[in-house]
Every structure is written in structure tokens, then in C-alpha cells.
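In what follows, a single structure is set out as C-alpha cells and then discussed.
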Amino acid sequence: MAHHPPAMADPCPPSAGIGLKPAHYRDVLSVNASGFWVEVHPENYMTPGGPRHQWLAAIREAHPLSLHGVGLSLGGLDRPSRVHLRALRLLAERYAPFEISEHLAWCAHDGEHFADLLPLPYTQAALKRFCDHVDETQEVLGRRILIENPALYVALNGEMGEAEFLAETVQRTGCGLLLDVNNVHVTAHNTGRDPCAFINDLPAAAIGEIHLAGHAPDTREPGLLIDTHGTAISENVWALYAKALDRFGAVPTLIERDNDIPPFADLMAERNRAAGMMAAGQAATRREAAHV
């Protein structure tokens, strides 16, 4: 399989950003925090024009941008949609994001799309197909993409673990990884997996971005956690994020909130906490280096 260089425009400093929502367009334009950046779902901007593009163009002039896709269905049986890939490439050429990411999941089959990111079996056959789809995507885009680990609600039987599946994908395609720390916590809670062992098993050099988000108990099965993106980040996830920083160092980190959107100040408080944790880790590393 082809290997693709980690091409990007305007590399993002290792600091924290937020998922951009229309309710916060004006607030984001006024932000002057060091290292601040934003992320959008490209599917919301795959039109030639309109007010959303006017806002995004102005925000992109002020801050670095990443694209986080939810519609390519890279884990499905079908090849990625060429129409979707062309639209994504045009958007990337228009806004020069520092990263483009997608999911270890599928969401479409035989022309029908589902409003969810669904899991796939961790088998050799699924791995080959997934890598073929990642390769095709990177070939069309002309650059590396990041793949995000999913949130799981039941343990999946397979021929390998999730970390091995992701590491093999990196090895075969040259892609990078987006580590969703909330998904690690949710999956560990729901399936009995050790979250720290999972983080330790990932290839450190491949981590290009981190996501932090909220979760909630399932309303019908309270023992089950659901990746809602609709609550504040839990202290368990913050603690796991600290372990990820110890393992991977400072990595661009996103506060992801897609439901029950809070006031902008609340998102910025979480963003500033993540940025402060990264800065503290970097300062500690410099102090240790100075004493070597």
C-alpha cells in the first residue's frame, strides 16, 4: 500500500481548540488566546457558498482549522464515495486545514446512510478493506489523514485488539491517529478494557490530535455509558488525558461538544484547562532536560 507524507498547511501549535458551532461564530472571531484553533465537520460546509462559508473564511484567517469528517464510512464494505471525496478535497484546498480526520467506523451501505458511527470487526479481512479505503482517501486528498478510535458499547470478538488494528493501519497506510480520550474511557467502562493499557499500546509517533468530550449514562441501562458530546468533560476523562499527555507529550487537543451547546465561556474554560495541562507538561519536560 502507498505511504503518504504528513502534509498539512500552517502546522498547529500543540495547544487546545474547540469544535466550531454557528452559535459561537462571533465569539470565536474575538478570541486572542495563544494557540487557539477550531475544528468543523466538513459535511456541514460542502456547498459552494452561503453565510457559513463567509463566517468560516473569516475565522480561518484568524485561527488554524482542522476538518473532522463523519461521512466517509471508511470501515464499510463499499468504497468511499468519490463524490464525497471530491467535495472534501475542494474544501481542503479552500481552507488549508492543518489536519483532516475520520473514524474507525462505518455509516453507509449500498447507498443507504445511517445517522451513526457503527463498529466493525477487528479481523484481517476488515483490516485490509479499511486500509484500502484509507489509502484511497489519502490518494484523492494528496495528504495524510488521522483515524479516530471509536466508542464501543459491547465487546467485539475479532482476530486482534483495537490498538493492534489501529497500529497496523498506521503501518500499512502511513496515516496518523486521532486519540479520543472520552471514547477510550467509555469503551473501557462498557467492555472492561484497561484504558491505560490501550493508550500505552498505541504508536506514539502517530498521534496527531486528541479529542476530549462528555458522556452520560444510558437512560435505559444506567450501567452503560454513552458518548453523547452533550455534557462537561468528566474528571475521569481529565485524569486519562493527563496520562495521555505523559505518554504522547503535548498534542493539539480539541474540546468536542455537539449537543446541549453551553455558553461559549464554558467551552473556553475547558479549553483553557487543557491548554494549561499541556503547558505544565512542557514546562516539566524542559526542567527535566535542564538537569540531565
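Ordering of the C-alpha cells sets the chain letters (A, B, ...), residue numbers begin anew at 1 in every chain, and ligands are numbered from 1 in the order given.
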
Closest atom pairs, residues of stretch 6-71 of chain A within 12 Å of stretch 84-104 of chain A, only C-alpha atoms, as a tab-separated table:
```
residue	atom	partner	partner_atom	distance
A:Pro6	CA	A:Glu99	CA	9.0
A:Ala7	CA	A:Phe98	CA	8.2
A:Met8	CA	A:Phe98	CA	4.7
A:Ala9	CA	A:Phe98	CA	4.9
A:Asp10	CA	A:Phe98	CA	5.9
A:Pro11	CA	A:Phe98	CA	5.5
A:Cys12	CA	A:Phe98	CA	6.3
A:Pro13	CA	A:Phe98	CA	10.1
A:Pro14	CA	A:Phe98	CA	11.8
A:Trp37	CA	A:Phe98	CA	10.0
A:Val38	CA	A:Pro97	CA	9.9
A:Glu39	CA	A:Pro97	CA	8.9
A:Val40	CA	A:Ile100	CA	10.0
A:His41	CA	A:Ser101	CA	9.6
A:Pro42	CA	A:Leu88	CA	6.9
A:Glu43	CA	A:Leu88	CA	8.1
A:Asn44	CA	A:Leu91	CA	10.7
A:Tyr45	CA	A:Leu91	CA	7.7
A:Met46	CA	A:Ala87	CA	6.2
A:Thr47	CA	A:Ala87	CA	8.5
A:Pro48	CA	A:Leu91	CA	9.3
A:Gly49	CA	A:Leu91	CA	11.1
A:His53	CA	A:Tyr95	CA	10.0
A:Gln54	CA	A:Tyr95	CA	11.8
A:Leu56	CA	A:Tyr95	CA	8.6
A:Ala57	CA	A:Tyr95	CA	7.4
A:Ala58	CA	A:Tyr95	CA	10.6
A:Ile59	CA	A:Tyr95	CA	10.3
A:Arg60	CA	A:Tyr95	CA	7.0
A:Glu61	CA	A:Tyr95	CA	9.2
A:Ala62	CA	A:Tyr95	CA	11.9
A:His63	CA	A:Pro97	CA	10.2
A:Pro64	CA	A:Phe98	CA	6.9
A:Leu65	CA	A:Pro97	CA	4.9
A:Ser66	CA	A:Pro97	CA	4.7
A:Leu67	CA	A:Ile100	CA	4.7
A:His68	CA	A:Ser101	CA	4.8
A:Gly69	CA	A:Glu102	CA	4.9
A:Val70	CA	A:Glu102	CA	6.2
A:Gly71	CA	A:His84	CA	8.1
```

Legend entry - Near-A:Val251 list (12 Å; only C-alpha atoms; drop same-chain fewer than 4 positions) as number ranges by chain: A: 11-17, 35, 177-180, 204-211, 241-242, 244-247, 274-275, 277-279, 281-282

Could those residues be written to a file, using C-alpha atoms, as an mmCIF file, in the first residue's frame?
```cif
data_model
loop_
_atom_site.group_PDB
_atom_site.id
_atom_site.type_symbol
_atom_site.label_atom_id
_atom_site.label_comp_id
_atom_site.auth_asym_id
_atom_site.auth_seq_id
_atom_site.Cartn_x
_atom_site.Cartn_y
_atom_site.Cartn_z
ATOM 1 C CA PRO A 11 1.006 23.412 11.396
ATOM 2 C CA CYS A 12 -0.975 23.958 14.560
ATOM 3 C CA PRO A 13 0.871 24.703 17.794
ATOM 4 C CA PRO A 14 0.376 21.996 20.425
ATOM 5 C CA SER A 15 -2.421 23.787 22.227
ATOM 6 C CA ALA A 16 -6.178 23.478 22.621
ATOM 7 C CA GLY A 17 -9.147 24.402 20.459
ATOM 8 C CA GLY A 35 -2.593 28.592 20.239
ATOM 9 C CA LEU A 177 -4.247 8.696 14.693
ATOM 10 C CA LEU A 178 -6.729 10.935 16.476
ATOM 11 C CA LEU A 179 -6.955 9.778 20.088
ATOM 12 C CA ASP A 180 -10.419 10.391 21.518
ATOM 13 C CA ALA A 204 3.171 7.348 19.957
ATOM 14 C CA ALA A 205 4.581 8.916 16.798
ATOM 15 C CA ALA A 206 1.241 8.544 15.017
ATOM 16 C CA ILE A 207 -0.849 10.649 17.428
ATOM 17 C CA GLY A 208 -1.691 13.878 15.603
ATOM 18 C CA GLU A 209 -4.659 15.138 17.592
ATOM 19 C CA ILE A 210 -6.599 14.448 20.800
ATOM 20 C CA HIS A 211 -10.322 14.881 21.480
ATOM 21 C CA TYR A 241 -5.973 12.909 29.418
ATOM 22 C CA ALA A 242 -3.143 13.566 31.873
ATOM 23 C CA ALA A 244 -2.115 10.581 27.505
ATOM 24 C CA LEU A 245 -0.019 13.748 27.824
ATOM 25 C CA ASP A 246 2.572 11.795 29.801
ATOM 26 C CA ARG A 247 2.690 9.192 27.020
ATOM 27 C CA ALA A 274 -6.467 21.507 28.542
ATOM 28 C CA ALA A 275 -4.062 24.199 27.349
ATOM 29 C CA MET A 277 -2.208 20.954 31.369
ATOM 30 C CA MET A 278 -0.191 20.856 28.153
ATOM 31 C CA ALA A 279 1.832 23.907 29.141
ATOM 32 C CA GLY A 281 3.762 19.192 31.000
ATOM 33 C CA GLN A 282 6.021 21.033 28.582
#
```

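Residues in contact range of stretch 227-237 of chain A, defined as at most 8 Å between only C-alpha atoms, with sequence neighbours fewer than 6 positions away removed, read Ala151, Val181, Asn182, Asn183, His185, Val186, Leu212, Ala213, Gly214, His215, Ala216, Glu256, Arg257, Asp258, Asn259, Asp260, Ile261 and Glu270 of chain A.
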